[in-house]
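Next up, run.tsv (TSV, N, CA and C atoms):
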```
chain	number	residue	atom	x	y	z
A	607	MET	N	40.01	-7.10	23.54
A	607	MET	CA	38.73	-7.79	23.51
A	607	MET	C	37.57	-6.78	23.44
A	608	LYS	N	37.70	-5.71	24.25
A	608	LYS	CA	36.65	-4.69	24.23
A	608	LYS	C	36.58	-4.01	22.87
A	609	ARG	N	37.74	-3.82	22.26
A	609	ARG	CA	37.78	-3.16	20.96
A	609	ARG	C	37.08	-4.02	19.91
A	610	ILE	N	37.26	-5.33	19.96
A	610	ILE	CA	36.61	-6.23	19.00
A	610	ILE	C	35.10	-6.19	19.19
A	611	ARG	N	34.64	-6.22	20.44
A	611	ARG	CA	33.19	-6.15	20.70
A	611	ARG	C	32.60	-4.84	20.20
A	612	ALA	N	33.32	-3.75	20.43
A	612	ALA	CA	32.83	-2.45	19.96
A	612	ALA	C	32.76	-2.41	18.44
A	613	THR	N	33.75	-2.97	17.77
A	613	THR	CA	33.76	-3.01	16.31
A	613	THR	C	32.61	-3.86	15.79
A	614	VAL	N	32.41	-5.02	16.40
A	614	VAL	CA	31.31	-5.91	15.99
A	614	VAL	C	29.96	-5.21	16.21
A	615	ALA	N	29.80	-4.53	17.33
A	615	ALA	CA	28.55	-3.81	17.60
A	615	ALA	C	28.33	-2.69	16.60
A	616	LEU	N	29.38	-1.97	16.23
A	616	LEU	CA	29.27	-0.90	15.25
A	616	LEU	C	28.90	-1.44	13.88
A	617	VAL	N	29.51	-2.52	13.46
A	617	VAL	CA	29.19	-3.13	12.16
A	617	VAL	C	27.75	-3.63	12.16
A	618	ALA	N	27.32	-4.26	13.23
A	618	ALA	CA	25.94	-4.75	13.32
A	618	ALA	C	24.95	-3.59	13.24
A	619	ALA	N	25.25	-2.49	13.91
A	619	ALA	CA	24.37	-1.32	13.86
A	619	ALA	C	24.30	-0.74	12.46
A	620	MET	N	25.42	-0.70	11.76
A	620	MET	CA	25.44	-0.18	10.39
A	620	MET	C	24.65	-1.07	9.45
A	621	ILE	N	24.75	-2.37	9.61
A	621	ILE	CA	24.00	-3.30	8.77
A	621	ILE	C	22.50	-3.14	9.03
A	622	ALA	N	22.12	-3.03	10.29
A	622	ALA	CA	20.70	-2.86	10.63
A	622	ALA	C	20.18	-1.55	10.07
A	623	ALA	N	20.95	-0.50	10.15
A	623	ALA	CA	20.51	0.80	9.62
A	623	ALA	C	20.35	0.75	8.11
A	624	SER	N	21.28	0.08	7.42
A	624	SER	CA	21.16	0.01	5.96
A	624	SER	C	19.99	-0.87	5.55
A	625	ALA	N	19.66	-1.90	6.31
A	625	ALA	CA	18.51	-2.74	5.99
A	625	ALA	C	17.22	-1.95	6.13
A	626	TRP	N	17.11	-1.12	7.15
A	626	TRP	CA	15.91	-0.30	7.35
A	626	TRP	C	15.78	0.73	6.24
A	627	ALA	N	16.87	1.37	5.89
A	627	ALA	CA	16.84	2.39	4.85
A	627	ALA	C	16.57	1.78	3.48
A	628	GLY	N	16.81	0.49	3.32
A	628	GLY	CA	16.62	-0.17	2.04
A	628	GLY	C	15.22	0.00	1.47
A	629	LEU	N	14.22	0.08	2.31
A	629	LEU	CA	12.85	0.25	1.84
A	629	LEU	C	12.64	1.62	1.19
A	630	TYR	N	13.41	2.59	1.61
A	630	TYR	CA	13.21	3.97	1.17
A	630	TYR	C	14.41	4.53	0.42
A	631	ASP	N	15.31	3.68	-0.09
A	631	ASP	CA	16.50	4.20	-0.75
A	631	ASP	C	16.35	4.30	-2.27
A	632	GLN	N	15.17	4.08	-2.78
A	632	GLN	CA	14.87	4.25	-4.20
A	632	GLN	C	13.42	4.68	-4.33
A	633	PRO	N	13.01	5.22	-5.49
A	633	PRO	CA	11.61	5.64	-5.64
A	633	PRO	C	10.66	4.49	-5.31
A	634	TYR	N	9.56	4.81	-4.65
A	634	TYR	CA	8.61	3.79	-4.21
A	634	TYR	C	7.19	4.30	-4.36
A	635	ALA	N	6.25	3.38	-4.20
A	635	ALA	CA	4.82	3.69	-4.21
A	635	ALA	C	4.20	3.04	-2.97
A	636	LEU	N	3.06	3.55	-2.56
A	636	LEU	CA	2.33	3.00	-1.42
A	636	LEU	C	0.89	2.69	-1.85
A	637	VAL	N	0.32	1.66	-1.26
A	637	VAL	CA	-1.09	1.33	-1.45
A	637	VAL	C	-1.74	1.33	-0.07
A	638	GLU	N	-2.87	2.04	0.04
A	638	GLU	CA	-3.56	2.15	1.32
A	638	GLU	C	-5.05	1.95	1.13
A	639	SER	N	-5.72	1.67	2.24
A	639	SER	CA	-7.17	1.59	2.24
A	639	SER	C	-7.74	3.00	2.08
A	640	GLY	N	-8.79	3.12	1.30
A	640	GLY	CA	-9.43	4.41	1.10
A	640	GLY	C	-10.33	4.76	2.28
A	641	ASP	N	-11.08	5.83	2.11
A	641	ASP	CA	-11.98	6.32	3.16
A	641	ASP	C	-13.41	5.86	2.92
A	642	ARG	N	-14.19	5.85	3.97
A	642	ARG	CA	-15.61	5.57	3.88
A	642	ARG	C	-16.30	6.81	3.33
A	643	LYS	N	-17.00	6.67	2.21
A	643	LYS	CA	-17.73	7.77	1.58
A	643	LYS	C	-19.11	7.27	1.18
A	644	PRO	N	-20.07	7.29	2.10
A	644	PRO	CA	-21.40	6.76	1.80
A	644	PRO	C	-22.08	7.43	0.61
A	645	ALA	N	-21.89	8.71	0.42
A	645	ALA	CA	-22.54	9.40	-0.70
A	645	ALA	C	-22.06	8.86	-2.05
A	646	GLN	N	-20.83	8.39	-2.13
A	646	GLN	CA	-20.30	7.82	-3.36
A	646	GLN	C	-20.39	6.28	-3.36
A	647	GLN	N	-21.00	5.70	-2.34
A	647	GLN	CA	-21.12	4.25	-2.17
A	647	GLN	C	-19.75	3.58	-2.15
A	648	GLU	N	-18.83	4.18	-1.38
A	648	GLU	CA	-17.49	3.63	-1.23
A	648	GLU	C	-17.21	3.38	0.25
A	649	ASP	N	-16.49	2.28	0.51
A	649	ASP	CA	-16.22	1.90	1.90
A	649	ASP	C	-14.78	1.42	2.02
A	650	VAL	N	-14.34	1.27	3.25
A	650	VAL	CA	-12.98	0.86	3.58
A	650	VAL	C	-12.76	-0.61	3.22
A	651	ILE	N	-11.58	-0.91	2.71
A	651	ILE	CA	-11.18	-2.28	2.40
A	651	ILE	C	-10.01	-2.69	3.29
A	652	GLY	N	-9.66	-3.96	3.23
A	652	GLY	CA	-8.44	-4.46	3.86
A	652	GLY	C	-7.56	-5.06	2.78
A	653	LEU	N	-6.26	-4.87	2.91
A	653	LEU	CA	-5.32	-5.46	1.96
A	653	LEU	C	-5.04	-6.90	2.40
A	654	SER	N	-5.34	-7.86	1.55
A	654	SER	CA	-5.11	-9.27	1.87
A	654	SER	C	-3.75	-9.75	1.39
A	655	ARG	N	-3.45	-9.46	0.11
A	655	ARG	CA	-2.17	-9.89	-0.46
A	655	ARG	C	-1.72	-8.88	-1.51
A	656	ILE	N	-0.42	-8.68	-1.56
A	656	ILE	CA	0.18	-7.85	-2.60
A	656	ILE	C	1.23	-8.72	-3.27
A	657	ASP	N	1.02	-8.97	-4.55
A	657	ASP	CA	1.89	-9.87	-5.31
A	657	ASP	C	2.04	-11.22	-4.60
A	658	GLY	N	0.94	-11.72	-4.04
A	658	GLY	CA	0.93	-13.04	-3.41
A	658	GLY	C	1.42	-13.09	-1.98
A	659	LYS	N	1.85	-11.96	-1.42
A	659	LYS	CA	2.36	-11.95	-0.04
A	659	LYS	C	1.45	-11.10	0.85
A	660	SER	N	1.25	-11.57	2.07
A	660	SER	CA	0.43	-10.82	3.03
A	660	SER	C	1.19	-9.60	3.53
A	661	PRO	N	0.55	-8.43	3.53
A	661	PRO	CA	1.22	-7.24	4.07
A	661	PRO	C	1.25	-7.29	5.60
A	662	ARG	N	2.20	-6.59	6.18
A	662	ARG	CA	2.28	-6.54	7.65
A	662	ARG	C	1.08	-5.80	8.23
A	663	ASN	N	0.57	-4.82	7.51
A	663	ASN	CA	-0.55	-4.01	7.97
A	663	ASN	C	-1.66	-4.11	6.92
A	664	PRO	N	-2.88	-4.52	7.30
A	664	PRO	CA	-3.95	-4.66	6.30
A	664	PRO	C	-4.52	-3.33	5.80
A	665	ARG	N	-4.07	-2.23	6.36
A	665	ARG	CA	-4.57	-0.91	5.92
A	665	ARG	C	-3.59	-0.17	5.01
A	666	ARG	N	-2.29	-0.54	5.05
A	666	ARG	CA	-1.31	0.13	4.19
A	666	ARG	C	-0.15	-0.81	3.91
A	667	SER	N	0.40	-0.64	2.72
A	667	SER	CA	1.52	-1.49	2.31
A	667	SER	C	2.84	-0.92	2.81
A	668	ASP	N	3.86	-1.76	2.77
A	668	ASP	CA	5.22	-1.27	2.88
A	668	ASP	C	5.53	-0.61	1.52
A	669	PRO	N	6.63	0.12	1.42
A	669	PRO	CA	6.98	0.71	0.12
A	669	PRO	C	7.11	-0.37	-0.95
A	670	LEU	N	6.55	-0.09	-2.12
A	670	LEU	CA	6.56	-1.02	-3.24
A	670	LEU	C	7.34	-0.41	-4.40
A	671	PRO	N	8.08	-1.23	-5.15
A	671	PRO	CA	8.77	-0.67	-6.31
A	671	PRO	C	7.73	-0.29	-7.38
A	672	PRO	N	8.00	0.77	-8.13
A	672	PRO	CA	7.08	1.12	-9.22
A	672	PRO	C	6.95	-0.04	-10.20
A	673	GLY	N	5.80	-0.10	-10.86
A	673	GLY	CA	5.55	-1.16	-11.82
A	673	GLY	C	4.22	-1.83	-11.56
A	674	ARG	N	3.97	-2.92	-12.25
A	674	ARG	CA	2.69	-3.64	-12.16
A	674	ARG	C	2.66	-4.50	-10.91
A	675	HIS	N	1.52	-4.40	-10.18
A	675	HIS	CA	1.32	-5.18	-8.96
A	675	HIS	C	-0.10	-5.72	-8.92
A	676	SER	N	-0.24	-6.89	-8.36
A	676	SER	CA	-1.53	-7.53	-8.16
A	676	SER	C	-1.90	-7.37	-6.68
A	677	ILE	N	-3.02	-6.71	-6.43
A	677	ILE	CA	-3.42	-6.40	-5.06
A	677	ILE	C	-4.77	-7.05	-4.78
A	678	GLN	N	-4.77	-7.98	-3.82
A	678	GLN	CA	-6.00	-8.67	-3.42
A	678	GLN	C	-6.55	-7.97	-2.18
A	679	VAL	N	-7.82	-7.59	-2.26
A	679	VAL	CA	-8.44	-6.86	-1.15
A	679	VAL	C	-9.68	-7.62	-0.66
A	680	HIS	N	-10.06	-7.34	0.59
A	680	HIS	CA	-11.30	-7.91	1.11
A	680	HIS	C	-12.16	-6.77	1.67
A	681	TYR	N	-13.45	-7.03	1.67
A	681	TYR	CA	-14.42	-6.03	2.12
A	681	TYR	C	-15.48	-6.73	2.94
A	682	SER	N	-15.79	-6.17	4.08
A	682	SER	CA	-16.90	-6.66	4.88
A	682	SER	C	-17.61	-5.45	5.47
A	683	SER	N	-18.91	-5.57	5.62
A	683	SER	CA	-19.70	-4.45	6.08
A	683	SER	C	-20.70	-4.90	7.13
A	684	ALA	N	-20.91	-4.07	8.13
A	684	ALA	CA	-21.93	-4.36	9.13
A	684	ALA	C	-23.33	-4.08	8.59
A	685	ARG	N	-23.40	-3.34	7.48
A	685	ARG	CA	-24.69	-2.98	6.90
A	685	ARG	C	-25.37	-4.15	6.21
A	686	ALA	N	-24.55	-5.04	5.64
A	686	ALA	CA	-25.11	-6.18	4.91
A	686	ALA	C	-24.08	-7.29	4.87
A	687	ALA	N	-24.57	-8.48	4.66
A	687	ALA	CA	-23.65	-9.62	4.53
A	687	ALA	C	-23.02	-9.57	3.15
A	688	VAL	N	-21.71	-9.49	3.11
A	688	VAL	CA	-21.00	-9.46	1.83
A	688	VAL	C	-20.55	-10.89	1.56
A	689	ILE	N	-21.37	-11.59	0.82
A	689	ILE	CA	-21.05	-12.98	0.53
A	689	ILE	C	-20.63	-13.17	-0.92
A	690	VAL	N	-20.82	-12.16	-1.74
A	690	VAL	CA	-20.44	-12.24	-3.13
A	690	VAL	C	-19.02	-11.72	-3.27
A	691	ASP	N	-18.09	-12.59	-3.61
A	691	ASP	CA	-16.71	-12.19	-3.85
A	691	ASP	C	-16.14	-11.34	-2.72
A	692	ASP	N	-16.01	-11.92	-1.54
A	692	ASP	CA	-15.46	-11.13	-0.43
A	692	ASP	C	-13.98	-10.83	-0.63
A	693	LEU	N	-13.30	-11.54	-1.53
A	693	LEU	CA	-11.92	-11.23	-1.93
A	693	LEU	C	-11.91	-10.91	-3.42
A	694	GLN	N	-11.30	-9.79	-3.77
A	694	GLN	CA	-11.18	-9.43	-5.18
A	694	GLN	C	-9.79	-8.89	-5.44
A	695	THR	N	-9.37	-8.98	-6.68
A	695	THR	CA	-8.03	-8.55	-7.06
A	695	THR	C	-8.12	-7.38	-8.02
A	696	ILE	N	-7.24	-6.41	-7.81
A	696	ILE	CA	-7.12	-5.28	-8.71
A	696	ILE	C	-5.66	-5.21	-9.15
A	697	GLU	N	-5.46	-5.06	-10.44
A	697	GLU	CA	-4.11	-4.94	-11.01
A	697	GLU	C	-3.83	-3.46	-11.21
A	698	LEU	N	-2.69	-2.99	-10.67
A	698	LEU	CA	-2.34	-1.58	-10.78
A	698	LEU	C	-0.93	-1.42	-11.31
A	699	GLU	N	-0.74	-0.42	-12.13
A	699	GLU	CA	0.58	0.01	-12.59
A	699	GLU	C	0.97	1.18	-11.68
A	700	LEU	N	1.80	0.90	-10.69
A	700	LEU	CA	2.16	1.91	-9.70
A	700	LEU	C	3.28	2.80	-10.23
A	701	GLU	N	3.08	4.10	-10.09
A	701	GLU	CA	4.07	5.08	-10.51
A	701	GLU	C	4.95	5.45	-9.32
A	702	PRO	N	6.18	5.87	-9.58
A	702	PRO	CA	7.07	6.24	-8.48
A	702	PRO	C	6.54	7.45	-7.72
A	703	CYS	N	6.70	7.41	-6.41
A	703	CYS	CA	6.35	8.52	-5.51
A	703	CYS	C	4.86	8.85	-5.52
A	704	LYS	N	4.03	7.82	-5.66
A	704	LYS	CA	2.57	8.00	-5.62
A	704	LYS	C	1.97	7.10	-4.55
A	705	ARG	N	0.90	7.59	-3.93
A	705	ARG	CA	0.11	6.83	-2.95
A	705	ARG	C	-1.24	6.53	-3.59
A	706	TYR	N	-1.62	5.26	-3.58
A	706	TYR	CA	-2.89	4.81	-4.16
A	706	TYR	C	-3.82	4.41	-3.03
A	707	ARG	N	-5.00	5.02	-3.01
A	707	ARG	CA	-6.00	4.70	-1.99
A	707	ARG	C	-7.12	3.91	-2.66
A	708	ILE	N	-7.33	2.69	-2.18
A	708	ILE	CA	-8.31	1.78	-2.78
A	708	ILE	C	-9.52	1.67	-1.86
A	709	ALA	N	-10.70	1.64	-2.46
A	709	ALA	CA	-11.94	1.51	-1.70
A	709	ALA	C	-12.81	0.44	-2.35
A	710	ALA	N	-13.83	0.00	-1.61
A	710	ALA	CA	-14.83	-0.92	-2.14
A	710	ALA	C	-15.99	-0.08	-2.66
A	711	LYS	N	-16.30	-0.18	-3.91
A	711	LYS	CA	-17.45	0.50	-4.51
A	711	LYS	C	-18.58	-0.50	-4.50
A	712	TYR	N	-19.62	-0.25	-3.69
A	712	TYR	CA	-20.71	-1.20	-3.55
A	712	TYR	C	-21.97	-0.67	-4.21
A	713	GLU	N	-22.91	-1.58	-4.43
A	713	GLU	CA	-24.19	-1.17	-5.02
A	713	GLU	C	-25.01	-0.43	-3.97
A	714	ALA	N	-25.83	0.47	-4.41
A	714	ALA	CA	-26.57	1.37	-3.52
A	714	ALA	C	-27.50	0.64	-2.56
A	715	ASP	N	-27.97	-0.54	-2.93
A	715	ASP	CA	-28.97	-1.20	-2.07
A	715	ASP	C	-28.36	-1.98	-0.90
A	716	TYR	N	-27.06	-2.11	-0.81
A	716	TYR	CA	-26.36	-2.84	0.25
A	716	TYR	C	-26.70	-4.32	0.30
A	717	VAL	N	-27.93	-4.68	0.01
A	717	VAL	CA	-28.41	-6.04	0.22
A	717	VAL	C	-27.78	-7.02	-0.75
A	718	SER	N	-27.49	-6.58	-1.94
A	718	SER	CA	-26.94	-7.48	-2.95
A	718	SER	C	-25.57	-8.01	-2.56
A	719	GLY	N	-24.82	-7.24	-1.81
A	719	GLY	CA	-23.47	-7.65	-1.41
A	719	GLY	C	-22.45	-7.52	-2.52
A	720	LYS	N	-22.85	-6.93	-3.65
A	720	LYS	CA	-21.93	-6.79	-4.78
A	720	LYS	C	-21.06	-5.54	-4.60
A	721	TRP	N	-19.78	-5.72	-4.89
A	721	TRP	CA	-18.84	-4.61	-4.79
A	721	TRP	C	-17.66	-4.86	-5.72
A	722	ALA	N	-16.89	-3.84	-5.94
A	722	ALA	CA	-15.68	-3.95	-6.75
A	722	ALA	C	-14.63	-3.00	-6.19
A	723	PRO	N	-13.35	-3.40	-6.22
A	723	PRO	CA	-12.30	-2.49	-5.76
A	723	PRO	C	-12.08	-1.38	-6.79
A	724	VAL	N	-11.94	-0.15	-6.31
A	724	VAL	CA	-11.67	1.00	-7.17
A	724	VAL	C	-10.57	1.85	-6.56
A	725	VAL	N	-9.83	2.54	-7.41
A	725	VAL	CA	-8.84	3.49	-6.93
A	725	VAL	C	-9.60	4.77	-6.60
A	726	GLN	N	-9.67	5.07	-5.32
A	726	GLN	CA	-10.41	6.23	-4.84
A	726	GLN	C	-9.63	7.52	-5.05
A	727	LYS	N	-8.31	7.43	-4.89
A	727	LYS	CA	-7.50	8.63	-4.97
A	727	LYS	C	-6.05	8.24	-5.23
A	728	VAL	N	-5.36	9.07	-6.01
A	728	VAL	CA	-3.92	8.93	-6.23
A	728	VAL	C	-3.31	10.27	-5.85
A	729	GLU	N	-2.30	10.22	-4.98
A	729	GLU	CA	-1.68	11.47	-4.54
A	729	GLU	C	-0.17	11.31	-4.50
A	730	ASP	N	0.53	12.44	-4.58
A	730	ASP	CA	1.98	12.44	-4.52
A	730	ASP	C	2.46	12.15	-3.10
A	731	ILE	N	3.61	11.52	-2.99
A	731	ILE	CA	4.29	11.34	-1.71
A	731	ILE	C	5.40	12.39	-1.71
A	732	GLY	N	5.19	13.48	-0.99
A	732	GLY	CA	6.08	14.63	-1.03
A	732	GLY	C	7.53	14.32	-0.73
A	733	GLU	N	7.79	13.58	0.34
A	733	GLU	CA	9.17	13.30	0.72
A	733	GLU	C	9.88	12.46	-0.34
A	734	CYS	N	9.17	11.54	-0.97
A	734	CYS	CA	9.74	10.72	-2.03
A	734	CYS	C	10.07	11.59	-3.23
A	735	LYS	N	9.14	12.45	-3.63
A	735	LYS	CA	9.38	13.33	-4.77
A	735	LYS	C	10.57	14.24	-4.53
A	736	ARG	N	10.66	14.80	-3.32
A	736	ARG	CA	11.79	15.69	-3.01
A	736	ARG	C	13.11	14.94	-3.07
A	737	LYS	N	13.11	13.71	-2.63
A	737	LYS	CA	14.34	12.93	-2.55
A	737	LYS	C	14.78	12.39	-3.92
A	738	PHE	N	13.82	11.94	-4.74
A	738	PHE	CA	14.17	11.22	-5.95
A	738	PHE	C	13.83	11.91	-7.27
A	739	MET	N	13.00	12.91	-7.25
A	739	MET	CA	12.57	13.53	-8.50
A	739	MET	C	13.14	14.94	-8.58
A	740	SER	N	13.60	15.29	-9.76
A	740	SER	CA	14.05	16.67	-9.97
A	740	SER	C	12.99	17.40	-10.75
A	741	ALA	N	13.18	18.66	-11.01
A	741	ALA	CA	12.21	19.46	-11.75
A	741	ALA	C	12.06	18.96	-13.19
A	742	THR	N	13.07	18.29	-13.72
A	742	THR	CA	13.01	17.82	-15.10
A	742	THR	C	12.73	16.34	-15.22
A	743	GLY	N	12.51	15.65	-14.12
A	743	GLY	CA	12.25	14.21	-14.18
A	743	GLY	C	12.92	13.50	-13.03
A	744	THR	N	13.25	12.23	-13.23
A	744	THR	CA	13.87	11.45	-12.18
A	744	THR	C	15.36	11.69	-12.14
A	745	LYS	N	15.97	11.35	-11.02
A	745	LYS	CA	17.43	11.49	-10.87
A	745	LYS	C	18.15	10.47	-11.70
```

Just give me the structure of the file as structure tokens.
Amino acid sequence: MKRIRATVALVAAMIAASAWAGLYDQPYALVESGDRKPAQQEDVIGLSRIDGKSPRNPRRSDPLPPGRHSIQVHYSSARAAVIVDDLQTIELELEPCKRYRIAAKYEADYVSGKWAPVVQKVEDIGECKRKFMSATGTK
């Protein structure tokens, strides 16, 4: 009886471990909120939906497969009431092993409340590149 319980526990642990690794077992991309940069009129956004699903964290996505994704973002500011299009969608073609940082680009006067989502920065994900990319391309 003890042997059966131990075997069942071991199998359950292996299944749980493989489910967790599933997010990172192939090339992936990440989408995150950008930084506040007043000089460039850019501010922090929240991720509302990615491909129609709410993310667990409004500041960063779970790993996403490379390819085209629809990302809905929201922006609110204490500086002004953002009543014009508080939710906007940006379509991105995500590349493998890249992190995309999205920000709200607002008009300089703050009062208009007009803004648009922009890709503030694209950077490599080092651990992903080391795991899945070779010097000559993908594995």

- In terms of only N, CA and C atoms, the residue from A:Ile677, A:Ile610, A:Leu653, A:Leu670 at minimal distance from Gln694 of chain A is A:Ile677

- Message: Need the shell around segment 656-661 of chain A: protein/DNA/RNA residues with any atom at most 6.5 Å away, counting all atoms listed in the file. Skip same-chain ones fewer than 6 positions apart. Format as a list in words?
- Response: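 Neighbouring residues, sequence-local ones excluded: Ser667, Asp668, His675, Ser676, Ile677 and Gln678 of chain A.
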
- Note on the structure: Between atom N of His680 of chain A and atom C of Ala635 of chain A lies a distance of 18.0 Å

- How many Å lie between atom CA of Ile651 of chain A and atom CA of Pro702 of chain A, rounded to one decimal?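 Pair atom CA of Ile651 of chain A / atom CA of Pro702 of chain A returns 22.9 Å.
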
- Message: I need the strand (DSSP E or B) residues of segment 652-723 of chain A per DSSP on the backbone, written as a ChimeraX atom specification.
- Response: /A:652-656,659,663,666,670,673-680,693-700,704-712,721-723

- Counting all atoms listed in the file, find the residues whose atoms lie at most 6 Å from (0.2, -2.6, -12.4) (file coordinates) and write them out as an MDAnalysis selection string. chainID A and resid 673:676 697:700

Could you write out as AutoDock Vina command-line options the box around segment 634-645 of chain A (axis-aligned, all atoms listed in the file, 6 Å on each side), with centre and edge lengths in Å to one decimal?
```
--center_x -6.5 --center_y 5.4 --center_z -0.3 --size_x 44.1 --size_y 20.1 --size_z 20.6
```

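Remark: residues at most 7 Å from position (-13.6, -3.4, -1.6) in file coordinates are Asp649, Val650, Ile651, Gly652, Val679, His680, Tyr681, Ser682, Ile708, Ala709, Ala710, Lys711, Trp721, Ala722, Pro723 and Val724 of chain A, using only N, CA and C atoms.
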
- Message: Taking all atoms listed in the file into account, name the residue in A:Pro672, A:Glu729, A:Asp692, A:Glu713 that is nearest to Pro633 of chain A.
- Response: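 Smallest distance to Pro633 of chain A is found for A:Pro672.
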